[in-house]
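Visitor: Here's a structure for you.
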Amino acid sequence: MEREVVTSVESGAAGDAGLARNFSLAEPPAGFVDDPYPTYRALLAHAPVRKLGENSYLLSRHADLTSVYKDTTLYSSDKTVEFGEKYGDAPLFQHHTTSLVFNDPPLHTRVRSILAGALNPRAVSALESDVEALVGRLLDDLESKAGCGETVDLIEDFASAIPVEVIGNLLAVPHDERGPLRDWSLSILGALEPVLSEEEERRGNRAVTEFLAYLETLVARRREQPGDPEKDMLTRLIQGEKSGEKLSEKELLQNCIFILNAGHETTTNLIGNGLELLDRFADQRQRLLDDPSLIRTAVEEMLRYESSNQLGNRMTTVPVTFDGVEMPAGTFLTLCIGAANRDPTIFDEPDRFDIGRRPNRHLAFASGPHQCIGMSVARMEGQTAIARFLDRFPAYSLSGGAVRSRRLRFRGFLKLPARLQA
């Protein structure tokens, strides 16, 4: 039955079949970064299990990704071997093999439970008023800038400023010390790309080193002067849970980096992508203006339609079979989130942007035990930022000159110039 479903969505075009069967992450087709969706459609129709190299496959179907996400026994998130080959014994290796996202149970379970305790509903709820105030100040600044006839940048002047401040508040990082956080985050996450230049690797290692040095001083200060563990996430992580469960010093420092990185890049992209989509689809913008209560489903559709995170990875621990393809233990799997979120067997008219879409079983936050631990914070930031922006500037328009990030794993903009009109 599954094969029949896949066959039914085939376009029948030889070009599409060739596009799918020749696809490579190392050398993607021309225009892929700007618009990967024709390639994703071809992969879903013709090569949903695409061999990328020796012992390496790309999975595109929603059902396949869901099954992988939910089983931490058959599919490992541990990247010790892979990152050892990629980075050597470097700061990037030490960071990524210690952070929550690249570990399996029981370590993943223990670290996640401590982080989840710090991201309790009370802490997240307490953030909302701060986010409202922050967005208000940023909108005032945008209005002032636009009033002087200047073109504003929706990334630099708005989207990227929000998660840095939110995570900075969660960890109680002093405001005058937040300057380097965004650049550190971009450099560390940039080093996760499938193909890495020497300069990108150097920047990533330098960012980890500098970030750790800063955190060591911040943690030392917080140990001397603890904050309220119900509001100050860093104090909560230092003190551990009431059960006595604590992070080691290495786990503490590396997962503080992870918290910033996970919260910064994806949320910046969510807000930037969302505002670009509302500019591109004027009918959906008007629909949201007419009915602001749609902001929740609108944000979910933004996450599906232009997923901030496009790729994930796992390693098989035992022999498995996908679509008749037998894979031995130790097979490297790349999970194509962007394709799975356009799977026509799950989403009706998947290439249609519909802010009222229900149900919307997107995988932008993954699924299973590794589902994004900060997704409630990201959703709250996205809903607040986009709703308030649209309320203030309902007639905004992009002014040309947008610069898209050239990365494959994360999808978003570096620059998004706009003209603002009330």
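Identifiers in this document derive from the order of the structure tokens: chains are assigned A, B, ..., residues are numbered from 1 separately in each chain, and ligands are numbered from 1 in order of occurrence.
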Set the distance at 8 Å and use only C-alpha atoms: which residues neighbour range 305-308 of chain A once local chain neighbours fewer than 3 positions away are removed? I'd like the list as a VMD selection string.
Guide: chain A and resid 265 to 267 269 to 270 273 301 to 302 337 to 338 341 to 342 351 353 364 410 to 412
Visitor: Which residues are close to range 62-73 of chain A, i.e. within 9 Å by only C-alpha atoms, leaving aside same-chain residues fewer than 5 positions away? Reply as a VMD selection string.
Guide: chain A and resid 104 to 105 314 316 to 318 322 335 to 337 339 to 343 345 to 346 362 to 363 366 to 371
Visitor: Any chance you can output those residues with N, CA and C atoms as a short mmCIF file (atom, residue, chain, number, x, y, z; two decimals), in the first residue's frame?
Guide:
```cif
data_model
loop_
_atom_site.label_atom_id
_atom_site.label_comp_id
_atom_site.auth_asym_id
_atom_site.auth_seq_id
_atom_site.Cartn_x
_atom_site.Cartn_y
_atom_site.Cartn_z
N ASP A 104 22.09 9.85 23.31
CA ASP A 104 21.03 8.85 23.49
C ASP A 104 20.73 8.67 24.97
N PRO A 105 19.59 8.04 25.28
CA PRO A 105 19.36 7.62 26.66
C PRO A 105 20.45 6.63 27.08
N ARG A 314 20.45 10.53 12.05
CA ARG A 314 20.50 9.40 12.97
C ARG A 314 21.44 8.34 12.40
N THR A 316 21.81 4.01 12.34
CA THR A 316 21.15 2.75 12.69
C THR A 316 22.03 1.94 13.64
N THR A 317 21.40 1.28 14.60
CA THR A 317 22.15 0.46 15.56
C THR A 317 22.04 -1.03 15.24
N VAL A 318 21.07 -1.37 14.39
CA VAL A 318 20.85 -2.75 13.95
C VAL A 318 20.47 -2.69 12.47
N PHE A 322 14.12 0.09 4.72
CA PHE A 322 13.20 1.14 4.32
C PHE A 322 12.89 0.97 2.84
N LEU A 335 17.72 12.90 7.66
CA LEU A 335 16.26 13.04 7.70
C LEU A 335 15.89 14.38 7.08
N CYS A 336 15.17 14.34 5.96
CA CYS A 336 14.83 15.56 5.23
C CYS A 336 13.50 16.12 5.75
N ILE A 337 13.60 16.95 6.75
CA ILE A 337 12.42 17.53 7.41
C ILE A 337 11.63 18.40 6.43
N ALA A 339 11.28 18.11 3.26
CA ALA A 339 10.49 17.29 2.34
C ALA A 339 9.33 16.63 3.07
N ALA A 340 9.58 16.09 4.27
CA ALA A 340 8.52 15.42 5.03
C ALA A 340 7.36 16.37 5.32
N ASN A 341 7.67 17.65 5.50
CA ASN A 341 6.62 18.63 5.78
C ASN A 341 5.85 19.05 4.53
N ARG A 342 6.25 18.50 3.37
CA ARG A 342 5.48 18.71 2.13
C ARG A 342 4.99 17.36 1.58
N ASP A 343 4.93 16.34 2.41
CA ASP A 343 4.54 15.00 1.97
C ASP A 343 3.04 14.98 1.66
N THR A 345 1.05 12.61 1.18
CA THR A 345 0.28 11.56 1.86
C THR A 345 -0.17 12.00 3.25
N ILE A 346 0.39 13.10 3.73
CA ILE A 346 0.05 13.62 5.07
C ILE A 346 -0.68 14.96 4.96
N HIS A 362 3.23 18.72 11.35
CA HIS A 362 4.57 19.00 10.84
C HIS A 362 5.64 18.47 11.78
N LEU A 363 6.84 18.36 11.24
CA LEU A 363 7.98 17.84 12.01
C LEU A 363 9.05 18.90 12.23
N ALA A 366 10.77 18.19 15.21
CA ALA A 366 11.05 16.76 15.31
C ALA A 366 9.87 16.06 15.98
N SER A 367 10.13 14.90 16.60
CA SER A 367 9.09 14.13 17.24
C SER A 367 9.74 13.14 18.19
N GLY A 368 8.95 12.51 19.04
CA GLY A 368 9.49 11.51 19.94
C GLY A 368 10.31 12.09 21.07
N PRO A 369 11.21 11.28 21.67
CA PRO A 369 11.99 11.71 22.84
C PRO A 369 12.89 12.92 22.57
N HIS A 370 13.25 13.14 21.30
CA HIS A 370 14.12 14.27 20.97
C HIS A 370 13.35 15.49 20.48
N GLN A 371 12.02 15.49 20.63
CA GLN A 371 11.26 16.67 20.21
C GLN A 371 11.79 17.91 20.92
#
```
Visitor: Excluding same-chain residues fewer than 5 positions from range 118-132 of chain A, what lies within 7 Å of it counting only C-alpha atoms, as a list in words?
Guide: Glu230, Lys231, Met233, Arg236, Leu237, Val377, Glu381 and Thr384 of chain A
Visitor: Can you pull out every residue from range 279-369 of chain A that DSSP, working from the backbone, puts in strand (DSSP E or B), and format the result as a list in words?
Guide: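 Answer for range 279-369 of chain A, restricted to strand (DSSP E or B): Asn309, Leu311, Gly312, Asn313, Arg314, Met315, Thr316, Val320, Thr321, Phe322, Val325, Glu326, Met327, Phe332, Leu333, Thr334, Leu335 and Cys336 of chain A.
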Visitor: Identify, with DSSP run on backbone atoms, the residues in range 13-131 of chain A assigned to helix (DSSP H, G or I), and express the list as a compact mmCIF listing (two decimals) with C-alpha atoms, in the first residue's frame.
Guide:
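Printed below is selection_26.txt as written:
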```txt
# COMPACT_ATOMS: atom_id res chain seq x y z
CA ALA A 14 11.90 11.97 -16.58
CA GLY A 15 13.53 15.21 -15.43
CA ASP A 16 12.02 14.90 -11.97
CA ALA A 17 13.13 11.28 -11.70
CA GLY A 18 16.66 12.21 -12.71
CA LEU A 19 16.70 15.12 -10.28
CA ALA A 20 15.80 12.77 -7.43
CA ARG A 21 18.11 9.94 -8.37
CA TYR A 37 10.89 22.26 -2.94
CA PRO A 38 10.94 21.03 -6.56
CA THR A 39 13.75 18.70 -5.49
CA TYR A 40 11.81 17.59 -2.44
CA ARG A 41 8.78 16.80 -4.60
CA ALA A 42 10.98 14.75 -6.90
CA LEU A 43 12.54 12.87 -3.98
CA LEU A 44 9.15 12.05 -2.47
CA ALA A 45 7.84 10.80 -5.82
CA HIS A 46 10.86 8.95 -7.18
CA HIS A 62 6.91 11.85 6.84
CA ALA A 63 6.13 8.29 8.00
CA ASP A 64 9.78 7.23 7.76
CA LEU A 65 11.01 10.25 9.70
CA THR A 66 8.36 9.74 12.37
CA SER A 67 9.33 6.10 12.85
CA VAL A 68 13.01 7.05 13.19
CA TYR A 69 12.32 9.88 15.63
CA LYS A 70 10.26 7.68 17.93
CA THR A 80 30.82 10.51 18.61
CA VAL A 81 32.11 8.53 15.63
CA GLU A 82 30.78 10.88 12.95
CA PHE A 83 31.96 14.07 14.62
CA GLY A 84 35.28 12.49 15.54
CA GLU A 85 35.91 12.01 11.83
CA LYS A 86 34.57 15.46 10.98
CA TYR A 87 36.19 17.63 13.67
CA PRO A 91 36.23 22.25 20.65
CA LEU A 92 33.41 21.57 18.15
CA PHE A 93 33.69 17.85 18.85
CA GLN A 94 33.62 18.38 22.62
CA HIS A 95 30.58 20.62 22.36
CA HIS A 96 28.40 18.67 19.96
CA LEU A 100 21.51 17.28 24.62
CA VAL A 101 20.56 16.89 20.97
CA PHE A 102 23.39 14.55 19.98
CA LEU A 107 22.45 10.45 29.21
CA HIS A 108 19.90 12.23 27.00
CA THR A 109 17.08 11.38 29.42
CA ARG A 110 18.99 12.65 32.45
CA VAL A 111 20.13 15.92 30.85
CA ARG A 112 16.75 16.56 29.25
CA SER A 113 14.89 16.09 32.54
CA ILE A 114 17.08 18.73 34.21
CA LEU A 115 16.67 21.19 31.32
CA ALA A 116 12.92 20.51 31.22
CA GLY A 117 12.72 21.29 34.92
CA ALA A 118 14.30 24.67 34.21
CA PRO A 121 5.46 26.18 32.60
CA ARG A 122 5.88 28.84 35.28
CA ALA A 123 9.22 29.95 33.83
CA VAL A 124 7.84 30.04 30.28
CA SER A 125 4.72 31.92 31.38
CA ALA A 126 6.87 34.46 33.19
CA LEU A 127 8.67 35.16 29.91
CA GLU A 128 5.54 36.28 28.06
CA SER A 129 5.28 39.76 29.56
CA ASP A 130 9.01 40.30 28.94
CA VAL A 131 8.63 39.22 25.31
```
Visitor: Just want the 12 Å neighbourhood of Ser185 in chain A, counted on only C-alpha atoms, with same-chain residues fewer than 2 positions away dropped. Output as an MDAnalysis selection string.
Guide: chainID A and resid 160 163:164 167 178:183 187:192 203:208 210:211 256:266 268
Visitor: Which of these residues is nearest to Pro292 in chain A, using only C-alpha atoms: A:Cys148, A:Ala378, A:Leu390, A:Leu142?
Guide: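 Closest to Pro292 in chain A, using only C-alpha atoms: A:Leu390.
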Visitor: For Gln310 in chain A, which residue among A:Glu193, A:Glu156, A:Glu276, A:Asp140 is the nearest when counting only C-alpha atoms?
Guide: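 The shortest atom-to-atom distance to Gln310 in chain A comes from A:Glu193.
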Visitor: Using only C-alpha atoms, determine which residues lie at most 8 Å from Ile238 in chain A, disregarding the query and same-chain residues fewer than 2 positions distant; provide the list as number ranges by chain.
Guide: A: 219, 223, 234-236, 240, 246-247, 252
Visitor: Please list as a VMD selection string every residue within 10 Å of range 293-296 of chain A, counting only C-alpha atoms and excluding residues in the same chain fewer than 2 positions away.
Guide: chain A and resid 287 to 291 298 to 301 355 to 357 379 to 380 382 to 384 386 to 387
Visitor: Could you write out that same residue set with N, CA, C and O atoms as a PDB file, in the first residue's frame?
Guide:
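Result file is selection-v3.pdb:
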```pdb
ATOM      1  N   ARG A 287      -6.169  37.563   5.539  1.00  0.00           N
ATOM      2  CA  ARG A 287      -6.966  36.631   6.346  1.00  0.00           C
ATOM      3  C   ARG A 287      -6.582  36.734   7.816  1.00  0.00           C
ATOM      4  O   ARG A 287      -7.453  36.715   8.703  1.00  0.00           O
ATOM      5  N   LEU A 288      -5.274  36.855   8.094  1.00  0.00           N
ATOM      6  CA  LEU A 288      -4.811  36.978   9.476  1.00  0.00           C
ATOM      7  C   LEU A 288      -5.167  38.341  10.053  1.00  0.00           C
ATOM      8  O   LEU A 288      -5.507  38.454  11.240  1.00  0.00           O
ATOM      9  N   LEU A 289      -5.121  39.386   9.224  1.00  0.00           N
ATOM     10  CA  LEU A 289      -5.532  40.712   9.688  1.00  0.00           C
ATOM     11  C   LEU A 289      -7.013  40.719  10.039  1.00  0.00           C
ATOM     12  O   LEU A 289      -7.429  41.332  11.033  1.00  0.00           O
ATOM     13  N   ASP A 290      -7.820  40.022   9.246  1.00  0.00           N
ATOM     14  CA  ASP A 290      -9.253  39.970   9.493  1.00  0.00           C
ATOM     15  C   ASP A 290      -9.598  39.117  10.715  1.00  0.00           C
ATOM     16  O   ASP A 290     -10.606  39.360  11.378  1.00  0.00           O
ATOM     17  N   ASP A 291      -8.759  38.126  10.989  1.00  0.00           N
ATOM     18  CA  ASP A 291      -9.023  37.219  12.110  1.00  0.00           C
ATOM     19  C   ASP A 291      -7.719  36.923  12.855  1.00  0.00           C
ATOM     20  O   ASP A 291      -7.077  35.905  12.633  1.00  0.00           O
ATOM     21  N   ALA A 298      -1.433  29.891  12.152  1.00  0.00           N
ATOM     22  CA  ALA A 298      -0.564  30.539  11.168  1.00  0.00           C
ATOM     23  C   ALA A 298       0.899  30.221  11.447  1.00  0.00           C
ATOM     24  O   ALA A 298       1.664  29.885  10.525  1.00  0.00           O
ATOM     25  N   VAL A 299       1.305  30.306  12.691  1.00  0.00           N
ATOM     26  CA  VAL A 299       2.690  30.005  13.046  1.00  0.00           C
ATOM     27  C   VAL A 299       3.015  28.537  12.779  1.00  0.00           C
ATOM     28  O   VAL A 299       4.103  28.204  12.294  1.00  0.00           O
ATOM     29  N   GLU A 300       2.071  27.646  13.069  1.00  0.00           N
ATOM     30  CA  GLU A 300       2.314  26.229  12.762  1.00  0.00           C
ATOM     31  C   GLU A 300       2.497  26.013  11.265  1.00  0.00           C
ATOM     32  O   GLU A 300       3.345  25.215  10.837  1.00  0.00           O
ATOM     33  N   GLU A 301       1.716  26.724  10.450  1.00  0.00           N
ATOM     34  CA  GLU A 301       1.854  26.587   9.001  1.00  0.00           C
ATOM     35  C   GLU A 301       3.171  27.183   8.514  1.00  0.00           C
ATOM     36  O   GLU A 301       3.795  26.665   7.579  1.00  0.00           O
ATOM     37  N   ILE A 355      -2.930  29.395   6.390  1.00  0.00           N
ATOM     38  CA  ILE A 355      -2.702  29.731   7.804  1.00  0.00           C
ATOM     39  C   ILE A 355      -3.746  29.124   8.734  1.00  0.00           C
ATOM     40  O   ILE A 355      -3.570  29.163   9.955  1.00  0.00           O
ATOM     41  N   GLY A 356      -4.796  28.537   8.173  1.00  0.00           N
ATOM     42  CA  GLY A 356      -5.793  27.884   9.018  1.00  0.00           C
ATOM     43  C   GLY A 356      -5.709  26.372   8.954  1.00  0.00           C
ATOM     44  O   GLY A 356      -6.621  25.682   9.420  1.00  0.00           O
ATOM     45  N   ARG A 357      -4.621  25.843   8.425  1.00  0.00           N
ATOM     46  CA  ARG A 357      -4.504  24.402   8.189  1.00  0.00           C
ATOM     47  C   ARG A 357      -4.682  23.608   9.485  1.00  0.00           C
ATOM     48  O   ARG A 357      -4.005  23.837  10.478  1.00  0.00           O
ATOM     49  N   ARG A 379       7.307  28.902  20.042  1.00  0.00           N
ATOM     50  CA  ARG A 379       5.952  29.216  19.571  1.00  0.00           C
ATOM     51  C   ARG A 379       5.474  30.543  20.155  1.00  0.00           C
ATOM     52  O   ARG A 379       4.887  31.373  19.462  1.00  0.00           O
ATOM     53  N   MET A 380       5.718  30.730  21.455  1.00  0.00           N
ATOM     54  CA  MET A 380       5.276  31.960  22.094  1.00  0.00           C
ATOM     55  C   MET A 380       5.984  33.168  21.480  1.00  0.00           C
ATOM     56  O   MET A 380       5.357  34.200  21.190  1.00  0.00           O
ATOM     57  N   GLY A 382       7.310  33.386  18.410  1.00  0.00           N
ATOM     58  CA  GLY A 382       6.841  33.576  17.044  1.00  0.00           C
ATOM     59  C   GLY A 382       5.461  34.196  16.990  1.00  0.00           C
ATOM     60  O   GLY A 382       5.202  35.125  16.210  1.00  0.00           O
ATOM     61  N   GLN A 383       4.540  33.705  17.813  1.00  0.00           N
ATOM     62  CA  GLN A 383       3.175  34.229  17.816  1.00  0.00           C
ATOM     63  C   GLN A 383       3.152  35.689  18.249  1.00  0.00           C
ATOM     64  O   GLN A 383       2.483  36.528  17.628  1.00  0.00           O
ATOM     65  N   THR A 384       3.907  36.001  19.299  1.00  0.00           N
ATOM     66  CA  THR A 384       3.922  37.375  19.808  1.00  0.00           C
ATOM     67  C   THR A 384       4.550  38.329  18.790  1.00  0.00           C
ATOM     68  O   THR A 384       3.985  39.384  18.477  1.00  0.00           O
ATOM     69  N   ILE A 386       5.111  38.063  15.466  1.00  0.00           N
ATOM     70  CA  ILE A 386       4.425  38.227  14.181  1.00  0.00           C
ATOM     71  C   ILE A 386       3.084  38.931  14.360  1.00  0.00           C
ATOM     72  O   ILE A 386       2.723  39.821  13.575  1.00  0.00           O
ATOM     73  N   ALA A 387       2.340  38.573  15.400  1.00  0.00           N
ATOM     74  CA  ALA A 387       1.041  39.217  15.637  1.00  0.00           C
ATOM     75  C   ALA A 387       1.210  40.703  15.925  1.00  0.00           C
ATOM     76  O   ALA A 387       0.486  41.545  15.354  1.00  0.00           O
TER      77      ALA A 387
END
```
Visitor: Between CA of Met327 in chain A and CA of Val49 in chain A, what is the distance, to one decimal in Å?
Guide: 10.9 Å
Visitor: Set the distance at 7 Å and use only C-alpha atoms: which residues neighbour range 391-407 of chain A once local chain neighbours fewer than 4 positions away are removed? I'd like the list as an MDAnalysis selection string.
Guide: chainID A and resid 33 193 279 387 411:422
